[in-house]
Amino acid sequence: MTRTPQVVVIGGGQSGLAAGYHLRRLGVDFVVLDAQSTPGGAWQHTWDSLHLFSPAAFSSLPGWLMPPQPGEEYPDAGHVVAYLRDYEKRYELPVERPVRVSGVHREGALLRVETDSGAWHARAVISATGTWWRPFLPAVPGRGDFGGQQLHTVEYRRPQDFAGRRVVVVGGGNSGAQIAADLAYDAQLTWATQRPPRFLADDIDGRALFDAATARRRALDEGRTDTGGVASLGDIVAVPPVREARDRGLLKAVPMFSRLAPGGIEWADGTRADADAIIWCTGFRPALSYLAPLGLRVRRGHITTQGTRSADEPRVRRGHITTQGTRSADEPRLHLLGYGDWTGPASATLIGVGRPAREVAREIAELLRG
Ligand code: FAD
């Protein structure tokens, strides 16, 4: 394997593979460097009962539909891992693992990619490292005083680990709702959310979310009013286990508490609840520390990016500056892929990453020709 491919893709999860698929189709010489020792990206590390919020065919990467999982309309995480492993083989994607990237540096006409197994040099880099690796915990007063167990979504595995214990699940998104539903039967559950949970209608699944994200992209591209995309529909997909727990009255949320005490949680009015464990389902941030040597500008917590078309340039919507696109505004040889709506609507989903991956590959092929 040459250490000077034209392109280095950092990260071999679904986003890195989608990029690889399109680079290969365009005849670009590339390598994918992945820190995991086996294929599947973050899907290898989720909790046991996690199922996709869309059927298999609507959870597919470019080129090859995800096969259905026998007996399951919504495939589980193990099925996604097998699909990613087979996808990699099917398209003979050159993934090197385990290789962890520690820094990307400018070196004349090339970018130098430092790893735990030596340096690689490339004319362009695609960063596709996801967010699972950087869990976010909010600054809640007293967090250090709590005497029980505290964990983040990334560490939760199964309800049996909490049987009979008083568990507080924090967060009103999909992870919070699914983990609360998982625990509702075995643990003494308190589900704390910042605002009342917003369940999507029961017949809405990831397909509708993808449609909403696509409609939003079109509206923005055409200069129309922001439709609000996915967020306008609600926060929580009522996947079967969530629906069942909700319908049994087991998923009742309480307002977010204001501080942690040694033995539990406390609200501003002085009400208290004892707790043995807190599970923070409070989201993620992009895992991008290896880009620090490039000194890229950050706006609203994200590296500033822009798209290929003028319609994708940073713009103001409803008083917010939004950026949409994958190319770093400060380093045109660098693209960021799959991190969320700021790198393309629905780009942090299996079905949604295909389109931005194609655009990244095309733009890099053009750069290499120039
Ligand atoms: P990852 O899967 O995280 O892959 C990134 C890879 O980069 C990893 O292998 C990692 O080890 C590697 N890496 C990280 N840092 C480095 C480094 N410095 N050097 C080298 N390699 C590195 N999407 C759907 O489409 N349907 C769903 O139902 C769905 N459910 C979800 C449920 C949960 C709880 C979560 C958290 C997400 C869900 N998603 C879903 C969203 C999305 O599909 C995942 O977040 C997805 O894993 C993102 O893929 P990725 O390739 O961008 O990142």
# chains A, B, ... in the order shown; residues from 1 in each chain; ligands from 1

$ residues_near_ligand --ligand "ligand 1" --cutoff "8 Å" --atoms "only C-alpha atoms and all ligand atoms" --output "PyMOL selection string"
chain A and resi 10-17+33-36+39-43+46+50-54+59+98-103+115+128-133+153-154+174-175+206+283-284+287-290+337-339+347-352

$ residues_around --residues "stretch 88-94 of chain A" --least-positions-apart "6" --cutoff "9 Å" --atoms "only C-alpha atoms" --output "PyMOL selection string"
chain A and resi 1+17+20-21+24+30-33+39

$ select_by_dssp --residues "stretch 174-277 of chain A" --states "strand (DSSP E or B)" --output "mmCIF file with all heavy atoms, in the first residue's frame"
data_model
loop_
_atom_site.group_PDB
_atom_site.id
_atom_site.type_symbol
_atom_site.label_atom_id
_atom_site.label_comp_id
_atom_site.auth_asym_id
_atom_site.auth_seq_id
_atom_site.Cartn_x
_atom_site.Cartn_y
_atom_site.Cartn_z
ATOM 1 N N GLN A 188 -36.199 1.267 38.334
ATOM 2 C CA GLN A 188 -37.111 2.324 38.794
ATOM 3 C C GLN A 188 -36.701 3.587 38.040
ATOM 4 O O GLN A 188 -35.723 4.237 38.395
ATOM 5 C CB GLN A 188 -36.968 2.525 40.291
ATOM 6 C CG GLN A 188 -37.402 1.312 41.107
ATOM 7 C CD GLN A 188 -37.120 1.551 42.587
ATOM 8 O OE1 GLN A 188 -37.401 2.607 43.129
ATOM 9 N NE2 GLN A 188 -36.535 0.551 43.242
ATOM 10 N N LEU A 189 -37.442 3.880 36.995
ATOM 11 C CA LEU A 189 -37.009 4.881 36.017
ATOM 12 C C LEU A 189 -37.540 6.275 36.312
ATOM 13 O O LEU A 189 -38.716 6.450 36.606
ATOM 14 C CB LEU A 189 -37.509 4.442 34.629
ATOM 15 C CG LEU A 189 -37.352 5.446 33.483
ATOM 16 C CD1 LEU A 189 -35.874 5.581 33.112
ATOM 17 C CD2 LEU A 189 -38.179 5.015 32.269
ATOM 18 N N THR A 190 -36.652 7.265 36.196
ATOM 19 C CA THR A 190 -37.057 8.676 36.086
ATOM 20 C C THR A 190 -36.491 9.163 34.759
ATOM 21 O O THR A 190 -35.301 8.980 34.492
ATOM 22 C CB THR A 190 -36.446 9.525 37.230
ATOM 23 O OG1 THR A 190 -36.890 8.983 38.478
ATOM 24 C CG2 THR A 190 -36.880 10.973 37.123
ATOM 25 N N TRP A 191 -37.346 9.752 33.934
ATOM 26 C CA TRP A 191 -36.890 10.233 32.631
ATOM 27 C C TRP A 191 -36.983 11.757 32.647
ATOM 28 O O TRP A 191 -38.087 12.297 32.730
ATOM 29 C CB TRP A 191 -37.749 9.624 31.519
ATOM 30 C CG TRP A 191 -37.332 10.017 30.132
ATOM 31 C CD1 TRP A 191 -36.107 10.361 29.699
ATOM 32 C CD2 TRP A 191 -38.203 10.093 28.989
ATOM 33 N NE1 TRP A 191 -36.115 10.647 28.362
ATOM 34 C CE2 TRP A 191 -37.395 10.492 27.899
ATOM 35 C CE3 TRP A 191 -39.553 9.857 28.781
ATOM 36 C CZ2 TRP A 191 -37.911 10.667 26.623
ATOM 37 C CZ3 TRP A 191 -40.086 10.031 27.502
ATOM 38 C CH2 TRP A 191 -39.255 10.425 26.433
ATOM 39 N N ALA A 192 -35.846 12.427 32.627
ATOM 40 C CA ALA A 192 -35.813 13.895 32.733
ATOM 41 C C ALA A 192 -35.487 14.512 31.372
ATOM 42 O O ALA A 192 -34.492 14.147 30.742
ATOM 43 C CB ALA A 192 -34.753 14.311 33.756
ATOM 44 N N THR A 193 -36.350 15.428 30.956
ATOM 45 C CA THR A 193 -36.138 16.063 29.642
ATOM 46 C C THR A 193 -36.283 17.577 29.789
ATOM 47 O O THR A 193 -37.046 18.051 30.621
ATOM 48 C CB THR A 193 -37.166 15.550 28.601
ATOM 49 O OG1 THR A 193 -38.482 15.870 29.055
ATOM 50 C CG2 THR A 193 -37.053 14.054 28.417
ATOM 51 N N PHE A 199 -43.048 13.254 20.516
ATOM 52 C CA PHE A 199 -43.054 12.016 19.739
ATOM 53 C C PHE A 199 -43.552 12.306 18.329
ATOM 54 O O PHE A 199 -44.524 13.041 18.150
ATOM 55 C CB PHE A 199 -43.990 10.986 20.374
ATOM 56 C CG PHE A 199 -43.491 10.477 21.704
ATOM 57 C CD1 PHE A 199 -43.953 11.023 22.888
ATOM 58 C CD2 PHE A 199 -42.564 9.448 21.757
ATOM 59 C CE1 PHE A 199 -43.489 10.567 24.115
ATOM 60 C CE2 PHE A 199 -42.095 8.981 22.978
ATOM 61 C CZ PHE A 199 -42.564 9.539 24.169
ATOM 62 N N ILE A 236 -38.710 12.443 18.534
ATOM 63 C CA ILE A 236 -38.566 11.024 18.864
ATOM 64 C C ILE A 236 -39.352 10.160 17.890
ATOM 65 O O ILE A 236 -40.567 10.308 17.744
ATOM 66 C CB ILE A 236 -39.069 10.764 20.305
ATOM 67 C CG1 ILE A 236 -38.261 11.618 21.284
ATOM 68 C CG2 ILE A 236 -39.004 9.284 20.657
ATOM 69 C CD1 ILE A 236 -38.873 11.715 22.666
ATOM 70 N N ALA A 253 -42.259 11.680 31.183
ATOM 71 C CA ALA A 253 -41.070 12.496 31.448
ATOM 72 C C ALA A 253 -41.343 13.514 32.551
ATOM 73 O O ALA A 253 -42.473 13.967 32.720
ATOM 74 C CB ALA A 253 -40.646 13.210 30.178
ATOM 75 N N VAL A 254 -40.291 13.857 33.289
ATOM 76 C CA VAL A 254 -40.364 14.947 34.268
ATOM 77 C C VAL A 254 -39.440 16.057 33.766
ATOM 78 O O VAL A 254 -38.522 15.794 32.981
ATOM 79 C CB VAL A 254 -39.920 14.475 35.681
ATOM 80 C CG1 VAL A 254 -40.826 13.370 36.193
ATOM 81 C CG2 VAL A 254 -38.457 14.013 35.681
ATOM 82 N N PRO A 255 -39.683 17.309 34.229
ATOM 83 C CA PRO A 255 -38.791 18.395 33.772
ATOM 84 C C PRO A 255 -37.363 18.147 34.233
ATOM 85 O O PRO A 255 -37.123 17.465 35.230
ATOM 86 C CB PRO A 255 -39.365 19.638 34.450
ATOM 87 C CG PRO A 255 -40.736 19.264 34.891
ATOM 88 C CD PRO A 255 -40.751 17.790 35.109
ATOM 89 N N ARG A 259 -29.928 20.398 39.762
ATOM 90 C CA ARG A 259 -28.596 20.060 40.250
ATOM 91 C C ARG A 259 -28.545 18.618 40.723
ATOM 92 O O ARG A 259 -29.575 17.971 40.918
ATOM 93 C CB ARG A 259 -28.155 21.001 41.375
ATOM 94 C CG ARG A 259 -29.055 20.988 42.617
ATOM 95 C CD ARG A 259 -28.447 21.832 43.732
ATOM 96 N NE ARG A 259 -27.224 21.224 44.206
ATOM 97 C CZ ARG A 259 -25.993 21.741 44.079
ATOM 98 N NH1 ARG A 259 -25.823 22.886 43.511
ATOM 99 N NH2 ARG A 259 -24.940 21.106 44.538
ATOM 100 N N LEU A 260 -27.334 18.117 40.865
ATOM 101 C CA LEU A 260 -27.132 16.780 41.435
ATOM 102 C C LEU A 260 -26.691 16.947 42.876
ATOM 103 O O LEU A 260 -25.946 17.870 43.206
ATOM 104 C CB LEU A 260 -26.040 16.031 40.672
ATOM 105 C CG LEU A 260 -26.377 15.552 39.264
ATOM 106 C CD1 LEU A 260 -25.140 14.930 38.629
ATOM 107 C CD2 LEU A 260 -27.487 14.536 39.297
ATOM 108 N N ALA A 261 -27.171 16.039 43.738
ATOM 109 C CA ALA A 261 -26.742 16.006 45.139
ATOM 110 C C ALA A 261 -26.059 14.652 45.340
ATOM 111 O O ALA A 261 -26.151 13.780 44.467
ATOM 112 C CB ALA A 261 -27.967 16.150 46.032
ATOM 113 N N GLY A 264 -28.758 11.923 44.818
ATOM 114 C CA GLY A 264 -29.776 11.944 43.770
ATOM 115 C C GLY A 264 -29.846 13.272 43.043
ATOM 116 O O GLY A 264 -28.825 13.949 42.866
ATOM 117 N N ILE A 265 -31.076 13.649 42.657
ATOM 118 C CA ILE A 265 -31.265 14.869 41.859
ATOM 119 C C ILE A 265 -32.201 15.818 42.600
ATOM 120 O O ILE A 265 -33.015 15.387 43.409
ATOM 121 C CB ILE A 265 -31.831 14.524 40.456
ATOM 122 C CG1 ILE A 265 -33.092 13.648 40.575
ATOM 123 C CG2 ILE A 265 -30.791 13.809 39.632
ATOM 124 C CD1 ILE A 265 -33.734 13.313 39.230
ATOM 125 N N GLU A 266 -32.060 17.116 42.263
ATOM 126 C CA GLU A 266 -32.876 18.140 42.927
ATOM 127 C C GLU A 266 -33.391 19.136 41.889
ATOM 128 O O GLU A 266 -32.643 19.565 41.004
ATOM 129 C CB GLU A 266 -32.017 18.947 43.921
ATOM 130 C CG GLU A 266 -31.733 18.234 45.198
ATOM 131 C CD GLU A 266 -30.881 19.088 46.151
ATOM 132 O OE1 GLU A 266 -30.716 20.317 45.892
ATOM 133 O OE2 GLU A 266 -30.376 18.507 47.123
ATOM 134 N N ARG A 272 -36.759 16.596 45.621
ATOM 135 C CA ARG A 272 -35.584 15.728 45.418
ATOM 136 C C ARG A 272 -36.045 14.347 44.995
ATOM 137 O O ARG A 272 -37.164 13.938 45.280
ATOM 138 C CB ARG A 272 -34.811 15.566 46.725
ATOM 139 C CG ARG A 272 -34.377 16.859 47.354
ATOM 140 C CD ARG A 272 -33.700 16.573 48.665
ATOM 141 N NE ARG A 272 -32.554 15.706 48.427
ATOM 142 C CZ ARG A 272 -31.377 15.849 49.009
ATOM 143 N NH1 ARG A 272 -31.180 16.801 49.871
ATOM 144 N NH2 ARG A 272 -30.381 15.032 48.743
ATOM 145 N N ALA A 273 -35.185 13.616 44.334
ATOM 146 C CA ALA A 273 -35.441 12.198 44.052
ATOM 147 C C ALA A 273 -34.122 11.453 44.237
ATOM 148 O O ALA A 273 -33.075 11.922 43.770
ATOM 149 C CB ALA A 273 -35.965 12.014 42.628
ATOM 150 N N ASP A 274 -34.187 10.337 44.949
ATOM 151 C CA ASP A 274 -32.970 9.548 45.136
ATOM 152 C C ASP A 274 -32.624 8.815 43.842
ATOM 153 O O ASP A 274 -33.512 8.460 43.067
ATOM 154 C CB ASP A 274 -33.172 8.523 46.263
ATOM 155 C CG ASP A 274 -33.327 9.211 47.618
ATOM 156 O OD1 ASP A 274 -32.870 10.367 47.738
ATOM 157 O OD2 ASP A 274 -33.928 8.608 48.520
ATOM 158 N N ALA A 277 -28.151 5.724 39.698
ATOM 159 C CA ALA A 277 -27.390 5.909 38.447
ATOM 160 C C ALA A 277 -28.042 6.995 37.603
ATOM 161 O O ALA A 277 -29.262 7.166 37.627
ATOM 162 C CB ALA A 277 -27.358 4.595 37.663
#

$ residues_around --residues "A:Glu331" --least-positions-apart "3" --cutoff "12 Å" --atoms "only C-alpha atoms" --output "PyMOL selection string"
chain A and resi 104-106+109-111+123-126+291+293-297+303-306+326-328+334-336

$ residues_around --residues "A:Arg157" --least-positions-apart "2" --cutoff "8 Å" --atoms "only C-alpha atoms" --output "list in words"
Thr46, Trp47, Asp48, Glu155, Pro159 and Asp161 of chain A

$ write_last_selection --atoms "N, CA and C atoms" --output "PDB file, in the first residue's frame"
ATOM      1  N   THR A  46     -23.105   0.102  20.079  1.00  0.00           N
ATOM      2  CA  THR A  46     -24.384   0.582  20.620  1.00  0.00           C
ATOM      3  C   THR A  46     -24.976  -0.428  21.599  1.00  0.00           C
ATOM      4  N   TRP A  47     -26.057  -0.042  22.274  1.00  0.00           N
ATOM      5  CA  TRP A  47     -26.682  -0.941  23.246  1.00  0.00           C
ATOM      6  C   TRP A  47     -27.363  -2.107  22.523  1.00  0.00           C
ATOM      7  N   ASP A  48     -27.560  -3.209  23.297  1.00  0.00           N
ATOM      8  CA  ASP A  48     -27.977  -4.480  22.699  1.00  0.00           C
ATOM      9  C   ASP A  48     -29.295  -4.397  21.918  1.00  0.00           C
ATOM     10  N   GLU A 155     -21.969   4.250  26.870  1.00  0.00           N
ATOM     11  CA  GLU A 155     -21.572   3.175  27.797  1.00  0.00           C
ATOM     12  C   GLU A 155     -22.742   2.273  28.178  1.00  0.00           C
ATOM     13  N   PRO A 159     -30.666  -3.469  30.006  1.00  0.00           N
ATOM     14  CA  PRO A 159     -31.416  -3.116  31.217  1.00  0.00           C
ATOM     15  C   PRO A 159     -31.055  -4.000  32.410  1.00  0.00           C
ATOM     16  N   ASP A 161     -28.350  -4.698  33.597  1.00  0.00           N
ATOM     17  CA  ASP A 161     -27.286  -4.085  34.403  1.00  0.00           C
ATOM     18  C   ASP A 161     -27.857  -3.140  35.465  1.00  0.00           C
TER      19      ASP A 161
END

$ closest_residue --among "A:Val113, A:Arg285, A:Val28, A:Pro55" --to "A:Gly71" --atoms "only C-alpha atoms"
A:Pro55

$ residues_around --residues "A:Leu26" --least-positions-apart "2" --cutoff "12 Å" --atoms "only C-alpha atoms" --output "list in words"
Ala19, Gly20, Tyr21, His22, Leu23, Arg24, Val28, Asp29, Phe30, Arg358, Glu359, Val360, Ala361, Arg362, Glu363, Ile364, Ala365, Glu366, Leu368 and Arg369 of chain A

$ atom_distance --atom1 "atom CA of A:Thr214" --atom2 "atom CA of A:Gly325"
14.2 Å

$ select_by_dssp --residues "stretch 123-301 of chain A" --states "alpha helix (DSSP H)" --output "ChimeraX atom specification"
/A:174-183,206-221,240-247

$ write_last_selection --atoms "C-alpha atoms" --output "compact mmCIF listing (two decimals), in the first residue's frame"
# COMPACT_ATOMS: atom_id res chain seq x y z
CA ASN A 174 -34.13 9.31 20.34
CA SER A 175 -31.36 7.84 22.49
CA GLY A 176 -33.01 9.06 25.70
CA ALA A 177 -36.42 7.73 24.71
CA GLN A 178 -35.08 4.36 23.55
CA ILE A 179 -32.91 3.81 26.62
CA ALA A 180 -35.76 4.93 28.92
CA ALA A 181 -38.06 2.46 27.15
CA ASP A 182 -35.42 -0.25 27.51
CA LEU A 183 -35.17 0.36 31.27
CA GLY A 206 -36.84 7.42 9.27
CA ARG A 207 -38.23 7.52 5.74
CA ALA A 208 -40.28 10.62 6.55
CA LEU A 209 -37.29 12.16 8.32
CA PHE A 210 -35.19 11.68 5.21
CA ASP A 211 -37.94 13.21 3.04
CA ALA A 212 -38.12 16.21 5.39
CA ALA A 213 -34.34 16.66 5.25
CA THR A 214 -34.40 16.45 1.45
CA ALA A 215 -37.24 19.01 1.23
CA ARG A 216 -35.24 21.31 3.49
CA ARG A 217 -32.15 21.02 1.30
CA ARG A 218 -34.21 21.85 -1.79
CA ALA A 219 -35.81 24.85 -0.10
CA LEU A 220 -32.43 26.20 0.97
CA ASP A 221 -30.86 25.51 -2.44
CA PRO A 240 -42.04 -0.25 18.43
CA PRO A 241 -40.36 -0.55 21.90
CA VAL A 242 -40.79 3.20 22.54
CA ARG A 243 -44.42 3.06 21.43
CA GLU A 244 -45.11 0.06 23.64
CA ALA A 245 -43.57 1.58 26.78
CA ARG A 246 -45.33 4.90 26.09
CA ASP A 247 -48.70 3.21 25.55
